[in-house]
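Chemist: One file is attached below, structure-v5.cif, containing mmCIF, C-alpha atoms and all ligand atoms.
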```cif
data_coords
#
loop_
_atom_site.label_atom_id
_atom_site.label_comp_id
_atom_site.auth_asym_id
_atom_site.auth_seq_id
_atom_site.Cartn_x
_atom_site.Cartn_y
_atom_site.Cartn_z
CA MET L 709 192.78 113.97 83.67
CA GLU L 710 192.67 110.23 82.98
CA ILE L 711 189.34 109.49 81.25
CA ALA L 712 190.01 105.79 80.59
CA PRO L 713 192.95 103.57 81.56
CA ASN L 714 196.06 105.19 80.00
CA VAL L 715 194.05 107.83 78.15
CA HIS L 716 194.60 111.38 79.35
CA TRP L 717 192.53 114.45 78.47
CA LEU L 718 194.18 117.82 78.32
CA GLU L 719 192.46 121.14 77.58
CA THR L 720 194.53 123.45 75.43
CA GLY L 721 192.99 126.86 74.98
CA SER L 722 189.78 126.28 73.11
CA SER L 723 190.09 122.61 72.23
CA ASN L 724 190.93 119.20 73.68
CA VAL L 725 193.88 116.93 73.06
CA TYR L 726 194.27 113.34 74.21
CA LEU L 727 197.38 111.38 75.15
CA ILE L 728 197.33 107.61 74.89
CA ILE L 729 200.09 105.91 76.85
CA ASP L 730 200.35 102.48 75.28
CA THR L 731 204.06 101.79 75.50
CA PRO L 732 206.08 101.34 73.40
CA ASN L 733 203.65 103.67 71.63
CA ILE L 734 202.64 107.05 72.98
CA VAL L 735 200.01 108.73 70.86
CA LEU L 736 198.72 112.28 70.84
CA ILE L 737 195.36 113.04 69.25
CA ASP L 738 195.27 116.63 67.96
CA THR L 739 197.58 119.37 69.17
CA GLY L 740 195.41 122.34 70.17
CA THR L 741 195.86 125.96 69.18
CA PRO L 742 199.36 127.41 68.51
CA ARG L 743 201.82 127.62 71.44
CA GLN L 744 200.37 124.67 73.39
CA GLN L 745 203.47 122.50 72.95
CA ASP L 746 204.95 123.27 76.39
CA LYS L 747 201.71 122.38 78.12
CA ILE L 748 201.39 119.11 76.18
CA LEU L 749 205.05 118.14 76.68
CA GLY L 750 204.71 119.10 80.36
CA LYS L 751 201.86 116.63 80.70
CA LEU L 752 203.97 113.97 79.00
CA ARG L 753 206.82 114.61 81.48
CA GLN L 754 204.40 114.53 84.39
CA LEU L 755 203.41 111.05 83.22
CA GLY L 756 207.08 110.03 83.32
CA HIS L 757 207.99 110.36 79.64
CA GLN L 758 210.31 112.46 77.53
CA PRO L 759 209.34 114.34 74.34
CA ALA L 760 211.19 111.77 72.19
CA ASP L 761 208.92 109.06 73.67
CA LEU L 762 205.95 110.45 71.74
CA THR L 763 205.68 108.09 68.77
CA HIS L 764 202.56 109.24 66.89
CA ILE L 765 200.41 112.32 66.42
CA LEU L 766 196.95 111.67 64.97
CA VAL L 767 195.11 114.59 63.41
CA THR L 768 191.30 114.70 63.22
CA HIS L 769 191.28 117.69 60.86
CA ALA L 770 193.45 120.64 59.86
CA ASP L 771 191.69 123.48 61.70
CA ILE L 772 194.12 125.81 63.48
CA ASP L 773 192.67 124.90 66.89
CA HIS L 774 193.57 121.23 66.28
CA VAL L 775 196.90 121.46 64.44
CA GLY L 776 198.13 124.81 65.78
CA SER L 777 200.98 123.24 67.77
CA LEU L 778 201.66 120.37 65.38
CA ALA L 779 204.83 121.77 63.80
CA ALA L 780 206.36 122.64 67.19
CA LEU L 781 205.50 119.21 68.60
CA TYR L 782 206.86 117.46 65.53
CA LYS L 783 210.10 119.40 65.92
CA ALA L 784 210.37 118.52 69.61
CA THR L 785 209.44 114.85 69.32
CA GLY L 786 209.94 113.58 65.75
CA ALA L 787 206.66 111.67 66.16
CA GLN L 788 205.00 110.11 63.11
CA ILE L 789 202.15 112.37 62.01
CA MET L 790 199.02 110.75 60.61
CA ALA L 791 196.25 112.76 58.92
CA GLY L 792 193.77 112.61 56.06
CA ALA L 793 195.08 113.31 52.54
CA ASP L 794 193.52 116.79 52.24
CA SER L 795 194.54 117.65 55.80
CA ALA L 796 198.13 116.63 55.00
CA ARG L 797 198.15 119.02 52.05
CA LEU L 798 196.72 121.87 54.14
CA ILE L 799 199.15 121.19 57.01
CA SER L 800 202.05 121.50 54.55
CA GLN L 801 200.76 125.02 53.78
CA GLY L 802 199.80 126.00 57.34
CA LYS L 803 196.22 126.55 56.19
CA SER L 804 192.85 125.65 57.72
CA PRO L 805 190.12 124.06 55.58
CA LYS L 806 187.26 126.21 54.31
CA HIS L 807 184.06 125.75 56.28
CA MET L 808 183.46 129.00 58.17
CA PRO L 809 181.08 131.91 57.52
CA ILE L 810 182.65 134.26 54.91
CA ILE L 811 184.15 136.93 57.18
CA ALA L 812 185.49 134.46 59.73
CA GLN L 813 186.97 132.41 56.89
CA TRP L 814 188.69 135.50 55.47
CA ILE L 815 190.17 136.38 58.87
CA ILE L 816 191.43 132.81 59.32
CA ASP L 817 192.87 132.61 55.79
CA THR L 818 194.56 136.00 56.09
CA PHE L 819 195.79 136.19 59.66
CA MET L 820 195.71 132.75 61.20
CA LYS L 821 198.30 130.62 59.56
CA TYR L 822 199.96 127.99 61.70
CA GLY L 823 203.35 126.30 61.56
CA ALA L 824 203.55 124.00 58.54
CA VAL L 825 204.97 120.46 58.31
CA PRO L 826 206.27 119.06 54.99
CA GLN L 827 203.69 116.80 53.39
CA ASP L 828 206.14 113.89 53.07
CA LYS L 829 206.44 113.76 56.88
CA ILE L 830 202.73 112.95 57.18
CA SER L 831 201.36 109.47 56.62
CA VAL L 832 197.85 109.41 55.19
CA LEU L 833 194.98 107.85 57.16
CA LYS L 834 192.58 105.51 55.41
CA ASP L 835 189.00 104.84 56.38
CA GLY L 836 188.61 101.38 57.90
CA GLU L 837 192.23 100.79 58.86
CA THR L 838 193.10 99.75 62.41
CA LEU L 839 196.03 101.31 64.22
CA PRO L 840 197.96 99.29 66.84
CA PHE L 841 196.93 101.43 69.83
CA LEU L 842 194.52 100.58 72.67
CA SER L 843 194.29 96.98 71.41
CA GLY L 844 193.19 98.24 67.98
CA LEU L 845 192.12 101.78 67.22
CA GLN L 846 189.73 102.04 64.27
CA VAL L 847 190.15 104.87 61.78
CA LEU L 848 186.85 106.31 60.60
CA ALA L 849 186.39 108.91 57.87
CA THR L 850 183.78 111.28 59.29
CA PRO L 851 183.37 114.17 56.82
CA GLY L 852 180.98 117.02 57.59
CA HIS L 853 182.43 119.69 59.86
CA THR L 854 185.31 119.65 57.38
CA LEU L 855 185.36 117.51 54.25
CA ASP L 856 188.48 115.67 55.35
CA HIS L 857 187.79 114.73 58.95
CA PHE L 858 188.71 111.55 60.83
CA SER L 859 187.55 110.04 64.11
CA PHE L 860 189.10 107.14 66.03
CA PHE L 861 187.30 104.40 67.96
CA GLY L 862 188.77 101.87 70.36
CA PRO L 863 186.27 99.01 70.74
CA ALA L 864 188.18 97.45 73.66
CA THR L 865 187.66 100.54 75.83
CA GLY L 866 184.56 101.90 74.07
CA ILE L 867 186.30 105.23 73.65
CA LEU L 868 185.51 107.46 70.70
CA PHE L 869 187.86 110.28 69.76
CA ALA L 870 185.31 112.22 67.75
CA GLY L 871 187.20 115.37 66.80
CA ASP L 872 184.54 117.86 65.73
CA ALA L 873 182.22 115.22 64.25
CA ILE L 874 180.48 115.21 67.66
CA ASP L 875 180.52 117.99 70.21
CA THR L 876 180.08 117.68 74.00
CA ARG L 877 179.93 121.39 74.85
CA ASN L 878 177.69 122.37 77.78
CA GLY L 879 177.28 118.76 78.87
CA ARG L 880 175.28 117.82 75.78
CA ILE L 881 176.09 115.40 72.98
CA ASN L 882 175.39 117.14 69.72
CA LEU L 883 176.72 117.93 66.28
CA THR L 884 179.08 120.84 65.74
CA ARG L 885 176.94 123.87 64.91
CA PRO L 886 175.68 124.07 61.31
CA SER L 887 177.16 127.55 60.65
CA ILE L 888 180.68 126.08 60.71
CA THR L 889 179.83 122.78 58.99
CA ALA L 890 181.14 122.27 55.45
CA ASP L 891 178.60 119.58 54.49
CA LYS L 892 175.55 119.16 56.74
CA THR L 893 174.28 115.96 55.12
CA ALA L 894 177.70 114.33 55.45
CA ALA L 895 177.96 115.57 59.06
CA ARG L 896 174.65 113.88 59.91
CA ARG L 897 175.70 110.66 58.23
CA SER L 898 179.05 110.69 60.02
CA ALA L 899 177.43 111.29 63.41
CA ILE L 900 175.01 108.41 62.80
CA ARG L 901 177.97 106.17 61.97
CA LEU L 902 179.67 107.16 65.23
CA LEU L 903 176.57 106.84 67.43
CA GLU L 904 175.94 103.36 66.01
CA LEU L 905 179.16 102.33 67.74
CA SER L 906 177.47 103.06 71.12
CA PRO L 907 180.61 104.71 72.50
CA ALA L 908 180.98 104.46 76.28
CA ILE L 909 183.20 107.53 76.33
CA ILE L 910 182.91 110.37 73.84
CA ALA L 911 186.18 112.29 73.79
CA ALA L 912 185.39 115.17 71.44
CA GLY L 913 187.42 118.12 70.26
CA HIS L 914 185.39 120.54 72.32
CA GLY L 915 183.55 120.15 75.64
CA THR L 916 184.14 117.88 78.61
CA PRO L 917 184.52 114.24 77.51
CA SER L 918 181.26 112.43 78.13
CA SER L 919 181.14 109.13 79.96
CA SER L 920 177.90 109.45 81.91
CA HIS L 921 175.56 109.67 78.93
CA THR L 922 172.76 107.12 78.77
CA SER L 923 171.86 104.95 75.81
CA ASP L 924 168.54 106.87 75.78
CA GLU L 925 170.40 110.12 75.18
CA ILE L 926 172.37 108.57 72.32
CA MET L 927 169.20 107.02 70.89
CA GLN L 928 167.36 110.34 71.03
CA LEU L 929 170.04 112.16 69.01
CA PHE L 930 170.30 109.14 66.70
CA ASN L 931 166.55 109.27 66.00
CA THR L 932 166.60 113.05 65.44
CA LEU L 933 169.44 112.65 62.94
CA ARG L 934 167.71 109.79 61.17
CA GLN L 935 164.55 111.87 60.69
CA GLU L 936 166.25 114.98 59.33
ZN ZN L 1001 187.53 122.47 66.49
#
```
So that I can check it, write out the structure of this file as structure tokens.

Modeler:
Amino acid sequence: MEIAPNVHWLETGSSNVYLIIDTPNIVLIDTGTPRQQDKILGKLRQLGHQPADLTHILVTHADIDHVGSLAALYKATGAQIMAGADSARLISQGKSPKHMPIIAQWIIDTFMKYGAVPQDKISVLKDGETLPFLSGLQVLATPGHTLDHFSFFGPATGILFAGDAIDTRNGRINLTRPSITADKTAARRSAIRLLELSPAIIAAGHGTPSSSHTSDEIMQLFNTLRQE
């Protein structure tokens, strides 16, 4: 579904990915759970492009539901991968960051490895840099859910790719639940930073992208976060 001009939302299992068609660049944000590559490449073909046309893959964080299909997509497309420094290290080991309750974390660490990509194939994102997509896509370090987490904001379209720094499950704008948050204070601070941008569209990692929220709704969450 096209959620903004040339920005397509695709649900992959339990998480969202986004395709930005900004030729000559075609950018994928996150890759979903493992084995989603055919669905993502199918969407790309449906939009009139070949796998090799994908130029960049941006990673919000290295959880298996966001980088599960990264290795397969890299193999199929050769796209430039961009991720935070810690995420790049974890991706090279096929490991998810630690931020889950103990038993869930053990299950993930033991049984849920994903396809790895060599670290030298990943270029490292830096807070405050601007990428040449959507007339300038801002890179924002938004630690909290995981310690190395990035969000991306396009001021020209008002679109925020929030990863898991903000959640839009059940039609509500909120923070990802505390039980799977690595650093709650950082998560609050990151969310405040994102809400201050007054995003017109919140394209999060989970939940239907939000474009009908009111400034009151944003302000309410903003005030709650400020008081905590
Ligand atoms: Zn997630």

Chemist: Where does range 766-827 of chain L meet range 867-877 of chain L within 9 Å, residue by residue, with the nearest atom pair and distance in Å to one decimal for each, counting all atoms listed in the file, listed by chain and rising number, as a Markdown table?

Modeler:
```
| residue | atom | partner | partner_atom | distance |
| --- | --- | --- | --- | --- |
| L:Val767 | CA | L:Gly871 | CA | 8.6 |
| L:Thr768 | CA | L:Gly871 | CA | 5.5 |
| L:His769 | CA | L:Gly871 | CA | 7.6 |
| L:His774 | CA | L:Gly871 | CA | 8.7 |
```

Chemist: Residues within 10 Å of ligand ZN 1001 (chain L), counting all atoms listed in the file: report them as number ranges by chain.

Modeler: L: 722-724, 738, 740-741, 768-775, 853-854, 871-873, 875, 884, 888, 912-914

Chemist: Can you list, as a ChimeraX atom specification, every protein, DNA or RNA residue that comes within 12 Å of Ser795 in chain L when you count only C-alpha atoms, leaving out same-chain residues fewer than 3 positions away?

Modeler: /L:766-772,774-775,789-792,798-806,824-827,830-833,851,854-858

Chemist: Considering all atoms listed in the file, state which residue in the set L:Thr850, L:Gln928, L:Thr763, L:Ser859 is at the smallest distance from Ala911 in chain L.

Modeler: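 Smallest separation from Ala911 in chain L among the options: L:Ser859.
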
Chemist: Between CA of Thr916 in chain L and CA of Gly879 in chain L, what is the distance, to one decimal in Å?

Modeler: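 Value for the CA of Thr916 in chain L-CA of Gly879 in chain L distance: 6.9 Å.
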
Chemist: Quote the spacing between CA of Thr893 in chain L and CA of Gln935 in chain L in Å to one decimal place.

Modeler: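 Interatomic distance, CA of Thr893 in chain L to CA of Gln935 in chain L: 11.9 Å.
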
Chemist: Can you take the partial range 733-747 of chain L, add N, CA and C atoms, and return it as a PDB file, keeping the file's coordinate frame?

Modeler:
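File produced: result-v2.pdb:
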```pdb
ATOM      1  N   ASN L 733     204.205 102.528  72.347  1.00  0.00           N
ATOM      2  CA  ASN L 733     203.650 103.670  71.630  1.00  0.00           C
ATOM      3  C   ASN L 733     203.059 104.702  72.583  1.00  0.00           C
ATOM      4  N   ILE L 734     203.326 105.955  72.295  1.00  0.00           N
ATOM      5  CA  ILE L 734     202.640 107.050  72.980  1.00  0.00           C
ATOM      6  C   ILE L 734     202.056 107.935  71.881  1.00  0.00           C
ATOM      7  N   VAL L 735     200.752 108.123  71.964  1.00  0.00           N
ATOM      8  CA  VAL L 735     200.010 108.730  70.860  1.00  0.00           C
ATOM      9  C   VAL L 735     199.303 109.983  71.336  1.00  0.00           C
ATOM     10  N   LEU L 736     199.431 111.039  70.564  1.00  0.00           N
ATOM     11  CA  LEU L 736     198.720 112.280  70.840  1.00  0.00           C
ATOM     12  C   LEU L 736     197.638 112.454  69.779  1.00  0.00           C
ATOM     13  N   ILE L 737     196.421 112.754  70.214  1.00  0.00           N
ATOM     14  CA  ILE L 737     195.360 113.040  69.250  1.00  0.00           C
ATOM     15  C   ILE L 737     195.081 114.535  69.272  1.00  0.00           C
ATOM     16  N   ASP L 738     195.364 115.177  68.155  1.00  0.00           N
ATOM     17  CA  ASP L 738     195.270 116.630  67.960  1.00  0.00           C
ATOM     18  C   ASP L 738     196.282 117.373  68.844  1.00  0.00           C
ATOM     19  N   THR L 739     196.476 118.642  68.517  1.00  0.00           N
ATOM     20  CA  THR L 739     197.580 119.370  69.170  1.00  0.00           C
ATOM     21  C   THR L 739     197.171 120.732  69.724  1.00  0.00           C
ATOM     22  N   GLY L 740     195.868 121.066  69.626  1.00  0.00           N
ATOM     23  CA  GLY L 740     195.410 122.340  70.170  1.00  0.00           C
ATOM     24  C   GLY L 740     195.775 123.533  69.302  1.00  0.00           C
ATOM     25  N   THR L 741     195.551 124.696  69.862  1.00  0.00           N
ATOM     26  CA  THR L 741     195.860 125.960  69.180  1.00  0.00           C
ATOM     27  C   THR L 741     197.392 126.149  69.166  1.00  0.00           C
ATOM     28  N   PRO L 742     197.905 127.171  68.462  1.00  0.00           N
ATOM     29  CA  PRO L 742     199.360 127.410  68.510  1.00  0.00           C
ATOM     30  C   PRO L 742     199.856 127.665  69.943  1.00  0.00           C
ATOM     31  N   ARG L 743     201.116 127.383  70.160  1.00  0.00           N
ATOM     32  CA  ARG L 743     201.820 127.620  71.440  1.00  0.00           C
ATOM     33  C   ARG L 743     201.310 126.761  72.608  1.00  0.00           C
ATOM     34  N   GLN L 744     200.805 125.584  72.323  1.00  0.00           N
ATOM     35  CA  GLN L 744     200.370 124.670  73.390  1.00  0.00           C
ATOM     36  C   GLN L 744     201.402 123.575  73.632  1.00  0.00           C
ATOM     37  N   GLN L 745     202.518 123.613  72.877  1.00  0.00           N
ATOM     38  CA  GLN L 745     203.470 122.500  72.950  1.00  0.00           C
ATOM     39  C   GLN L 745     204.055 122.311  74.354  1.00  0.00           C
ATOM     40  N   ASP L 746     204.339 123.416  75.061  1.00  0.00           N
ATOM     41  CA  ASP L 746     204.950 123.270  76.390  1.00  0.00           C
ATOM     42  C   ASP L 746     203.975 122.601  77.363  1.00  0.00           C
ATOM     43  N   LYS L 747     202.721 122.976  77.247  1.00  0.00           N
ATOM     44  CA  LYS L 747     201.710 122.380  78.120  1.00  0.00           C
ATOM     45  C   LYS L 747     201.582 120.870  77.840  1.00  0.00           C
TER      46      LYS L 747
END
```
